[in-house]
There are 2 protein chains.
Amino acid sequence: MKKLIHYQLCAASRAVRLALAQWEMECALEEVKPWALPGHVLRLHPGGNLPVLLPDAGEPVCGVYAISEFLHESYNRDASLALMPLFPGTERGRAEVRRVADWFLRKFETEVSQYLLDEKVYKPMSGIRSSPDLPIIRAARENLRYHLSYLSYLAEQRKWLAGDELSFADFAAAGQISVLDYLSEIDWSEFPEAKSWYARIKSRPCFRPLLQDRLPGFNPPAAYANLDF
Amino acid sequence: MKKLIHYQLCAASRAVRLALAQWEMECALEEVKPWALPGHVLRLHPGGNLPVLLPDAGEPVCGVYAISEFLHESYNRDASLALMPLFPGTERGRAEVRRVADWFLRKFETEVSQYLLDEKVYKPMSGIRSSPDLPIIRAARENLRYHLSYLSYLAEQRKWLAGDELSFADFAAAGQISVLDYLSEIDWSEFPEAKSWYARIKSRPCFRPLLQDRLPGFNPPAAYANLDF
């Protein structure tokens with residue numbers, strides 16, 4: 001059976017979990033701490049960025065970029081499987097899916113989630129006793145407002161974030177947004193279009209496992225798992 | 001004709017220029033400053049990460065991830081063109097090309113080049129008068145040693161960085177390494193395997209335009225354009 005080495009509050013891991021769940025593909029999960037990766041994970045993947053996919057046989061596939069393209073190449077090309085395409089459309093359409101996925105997995109990560117996770121989760125979990133760095137948290141929250149505006153803009157213009165079809169771009173964005181929602185960082189009242197997109201993706205069956213995630217010592221707000229938030 | 005919006009010392013732009021030159025594909029270049037992107041570039045690509053490819057017609061393709069996959073999908077699938085595959089091999093082989101490309105375009109960028117470019121180029125070019133932040137430069141140089149060790153390890157194990165064939169992983173790494181070489185940051189005597197790989201890729205015809213790059217006020221060391229360095 002496949003195995004995914006992941007972390008509950010890693011957005012890239014969540015994006016891949018959504019894709020696998022959308023495809024109803026069985027996959028064991030091994031959770032590791034990104035701030036203290038065990039040796040066996042670093043030996044499989046010296047780069048260390050989660051997730052890592054161990055396919056049914058053979059070498060690991062490392063990081064969300066290689067994994068998403070590997071799943072697309074391995075399963076979407078076989079039309080008899082009739083799986084939702086992660087990168088649908090023409091060459092141009094897929095370029096747009098990749099642009100939006102890259103926005104959320106790279107730009108959003110470095111400008112927002114990495115800071116908030118460091119300050120609110122990784123530091124306390126790893127036993128660093130210093131209090132959260134408030135100027136960093138404020139800057140990340142300011143950046144978050146800009147990203148939520150962009151998400152709202154996309155959600156207003158299009159049915160799904162990269163066009164008419166649900167795609168890996170939606171899973172990438174949902175991975176990030178669900179992590180910040182878990183951390184009570186999103187005030188939905190200000191971003192109705194983003195909220196309407198999130199409500200649609202959150203109510204899909206593939207989302208259910210994410211809504212059951214619970215980090216010891218960090219309970220999400222009540223609305224996190226509520227489909228009518 | 002195609003156009004690439006790029007910056008001379010942007011590694012991702014260089015990786016795409018290498019691919020286009022390897023394919024002998026005509027492409028106009030428009031250089032912009034990453035620290036002061038003009039409005040027309042931000043309107044084409046709100047994410048702002050270079051490069052941006054304007055294909056012969058239609059919408060722009062934004063960022064190195066979308067561009068490299070777009071080129072692969074648009075031109076490598078047509079076997080009659082007989083172009084070097086950017087992502088050669090099987091699904092697993094291509095996953096390895098993507099892992100190594102991601103290592104250099106994301107991990108190397110955030111741990112090494114972004115800091116050195118900020119301190120040595122962007123700050124002075126954008127008129128910020130503060131002197132370079134030496135602890136940041138020292139940390140980036142320490143990280144660079146670790147990355148050059150990893151590059152040496154790959155170069156020792158394999159013919160090219162992701163396996164037996166030249167691939168986009170080599171272009172990604174060569175983009176980064178050539179930027180740091182331009183900035184006199186690499187002591188080749190310590191990393192003979194990495195040097196041997198770099199000498200091989202540097203002597204390819206596709207590399208020539210990069211060796212002619214000159215930034216006003218920042219001349220590269222004499223060995224930068226020398227094939228026998």
# chains A, B, ... in the order shown; residues from 1 in each chain; ligands from 1
$ closest_atom_pairs --of "chain B" --to "chain A" --cutoff "8 Å" --atoms "only C-alpha atoms" --output "Markdown table"
| residue | atom | partner | partner_atom | distance |
| --- | --- | --- | --- | --- |
| B:Gly47 | CA | A:Trp103 | CA | 6.7 |
| B:Glu59 | CA | A:Arg92 | CA | 7.7 |
| B:Val61 | CA | A:Ala95 | CA | 6.4 |
| B:Cys62 | CA | A:Arg99 | CA | 6.2 |
| B:Gly63 | CA | A:Arg99 | CA | 6.9 |
| B:Tyr65 | CA | A:Arg98 | CA | 7.1 |
| B:Ala66 | CA | A:Ala95 | CA | 5.0 |
| B:Ile67 | CA | A:Ala95 | CA | 7.2 |
| B:Glu69 | CA | A:Ala95 | CA | 7.5 |
| B:Phe70 | CA | A:Ala95 | CA | 6.1 |
| B:Glu73 | CA | A:Glu91 | CA | 6.5 |
| B:Ser74 | CA | A:Glu91 | CA | 6.7 |
| B:Glu91 | CA | A:Phe70 | CA | 6.2 |
| B:Arg92 | CA | A:Phe70 | CA | 7.4 |
| B:Arg94 | CA | A:Phe70 | CA | 7.9 |
| B:Ala95 | CA | A:Ala66 | CA | 5.0 |
| B:Glu96 | CA | A:Val61 | CA | 7.5 |
| B:Arg98 | CA | A:Ala66 | CA | 5.3 |
| B:Arg99 | CA | A:Ala66 | CA | 5.8 |
| B:Asp102 | CA | A:Tyr65 | CA | 7.5 |
| B:Trp103 | CA | A:Gly47 | CA | 6.7 |
| B:Lys107 | CA | A:Gly47 | CA | 7.7 |
$ residues_around --residues "B:Ala57" --least-positions-apart "6" --cutoff "12 Å" --atoms "only C-alpha atoms" --output "ChimeraX atom specification"
/A:92 /B:1-3
$ atom_distance --atom1 "atom CA of A:Ile136" --atom2 "atom CA of A:Lys123"
13.2 Å
$ select_by_dssp --residues "stretch 53-136 of chain B" --states "helix (DSSP H, G or I)" --output "number ranges by chain"
B: 63-76, 79-81, 91-125, 134-136
$ residues_around --residues "B:Ser178" --least-positions-apart "3" --cutoff "9 Å" --atoms "only C-alpha atoms" --output "list in words"
Leu9, Ala11, Arg14, Ala173, Ala174, Gly175, Asp181, Tyr182, Leu183, Tyr198, Lys202, Leu210, Leu211 and Tyr224 of chain B
$ residues_around --residues "A:Tyr153" --least-positions-apart "3" --cutoff "12 Å" --atoms "only C-alpha atoms" --output "list in words"
Tyr146, His147, Leu148, Ser149, Tyr150, Glu156, Gln157, Arg158, Lys159, Trp160, Leu161, Ala162, Phe191, Pro192, Glu193, Ala194, Lys195, Ser196 and Trp197 of chain A; Pro46 of chain B
$ residues_around --residues "stretch 19-30 of chain B" --least-positions-apart "5" --cutoff "8 Å" --atoms "only C-alpha atoms" --output "PDB file with N, CA, C and O atoms, in the first residue's frame"
ATOM      1  N   MET B   1       6.854  36.483 -32.245  1.00  0.00           N
ATOM      2  CA  MET B   1       7.981  35.811 -31.573  1.00  0.00           C
ATOM      3  C   MET B   1       7.719  35.761 -30.064  1.00  0.00           C
ATOM      4  O   MET B   1       7.089  36.639 -29.501  1.00  0.00           O
ATOM      5  N   LYS B   2       8.241  34.708 -29.442  1.00  0.00           N
ATOM      6  CA  LYS B   2       8.147  34.596 -27.988  1.00  0.00           C
ATOM      7  C   LYS B   2       8.933  35.710 -27.316  1.00  0.00           C
ATOM      8  O   LYS B   2       9.911  36.218 -27.851  1.00  0.00           O
ATOM      9  N   LYS B   3       8.524  36.023 -26.086  1.00  0.00           N
ATOM     10  CA  LYS B   3       9.311  36.971 -25.284  1.00  0.00           C
ATOM     11  C   LYS B   3       9.417  36.444 -23.857  1.00  0.00           C
ATOM     12  O   LYS B   3       8.443  35.914 -23.322  1.00  0.00           O
ATOM     13  N   LEU B   4      10.598  36.606 -23.275  1.00  0.00           N
ATOM     14  CA  LEU B   4      10.787  36.214 -21.878  1.00  0.00           C
ATOM     15  C   LEU B   4      11.102  37.464 -21.067  1.00  0.00           C
ATOM     16  O   LEU B   4      12.061  38.180 -21.366  1.00  0.00           O
ATOM     17  N   ILE B   5      10.277  37.728 -20.065  1.00  0.00           N
ATOM     18  CA  ILE B   5      10.548  38.828 -19.135  1.00  0.00           C
ATOM     19  C   ILE B   5      11.398  38.236 -18.020  1.00  0.00           C
ATOM     20  O   ILE B   5      10.978  37.281 -17.345  1.00  0.00           O
ATOM     21  N   HIS B   6      12.600  38.778 -17.839  1.00  0.00           N
ATOM     22  CA  HIS B   6      13.582  38.114 -16.979  1.00  0.00           C
ATOM     23  C   HIS B   6      14.446  39.139 -16.253  1.00  0.00           C
ATOM     24  O   HIS B   6      14.282  40.341 -16.432  1.00  0.00           O
ATOM     25  N   LEU B  83      13.461  17.591 -29.861  1.00  0.00           N
ATOM     26  CA  LEU B  83      14.107  18.477 -28.891  1.00  0.00           C
ATOM     27  C   LEU B  83      14.518  17.686 -27.650  1.00  0.00           C
ATOM     28  O   LEU B  83      13.800  16.786 -27.222  1.00  0.00           O
ATOM     29  N   MET B  84      15.646  18.073 -27.037  1.00  0.00           N
ATOM     30  CA  MET B  84      16.075  17.413 -25.805  1.00  0.00           C
ATOM     31  C   MET B  84      14.940  17.459 -24.784  1.00  0.00           C
ATOM     32  O   MET B  84      14.401  18.529 -24.516  1.00  0.00           O
ATOM     33  N   LEU B  86      13.100  18.046 -21.487  1.00  0.00           N
ATOM     34  CA  LEU B  86      13.435  18.743 -20.236  1.00  0.00           C
ATOM     35  C   LEU B  86      13.235  17.816 -19.044  1.00  0.00           C
ATOM     36  O   LEU B  86      13.947  17.901 -18.048  1.00  0.00           O
ATOM     37  N   PHE B 168      16.153  19.340 -17.085  1.00  0.00           N
ATOM     38  CA  PHE B 168      15.878  20.653 -16.519  1.00  0.00           C
ATOM     39  C   PHE B 168      16.475  20.804 -15.121  1.00  0.00           C
ATOM     40  O   PHE B 168      16.733  21.926 -14.671  1.00  0.00           O
ATOM     41  N   PHE B 171      19.688  22.491 -15.646  1.00  0.00           N
ATOM     42  CA  PHE B 171      19.513  23.910 -15.969  1.00  0.00           C
ATOM     43  C   PHE B 171      19.161  24.714 -14.714  1.00  0.00           C
ATOM     44  O   PHE B 171      19.620  25.841 -14.529  1.00  0.00           O
ATOM     45  N   PRO B 205      26.936  24.994 -25.933  1.00  0.00           N
ATOM     46  CA  PRO B 205      26.550  26.221 -26.666  1.00  0.00           C
ATOM     47  C   PRO B 205      25.399  26.979 -26.009  1.00  0.00           C
ATOM     48  O   PRO B 205      25.387  28.214 -26.028  1.00  0.00           O
ATOM     49  N   CYS B 206      24.452  26.273 -25.396  1.00  0.00           N
ATOM     50  CA  CYS B 206      23.297  26.964 -24.796  1.00  0.00           C
ATOM     51  C   CYS B 206      23.709  27.899 -23.670  1.00  0.00           C
ATOM     52  O   CYS B 206      22.949  28.784 -23.279  1.00  0.00           O
ATOM     53  N   PHE B 207      24.919  27.707 -23.140  1.00  0.00           N
ATOM     54  CA  PHE B 207      25.360  28.507 -21.995  1.00  0.00           C
ATOM     55  C   PHE B 207      25.938  29.857 -22.407  1.00  0.00           C
ATOM     56  O   PHE B 207      26.055  30.768 -21.592  1.00  0.00           O
TER      57      PHE B 207
END
$ atom_distance --atom1 "atom CA of A:Glu190" --atom2 "atom CA of A:Ala225"
19.8 Å
$ atom_distance --atom1 "atom CA of A:Glu31" --atom2 "atom CA of B:Leu151"
29.1 Å
$ select_by_dssp --residues "chain B" --states "strand (DSSP E or B)" --output "ChimeraX atom specification"
/B:2-6,27-31,52-54,61-62,160,163,215,218
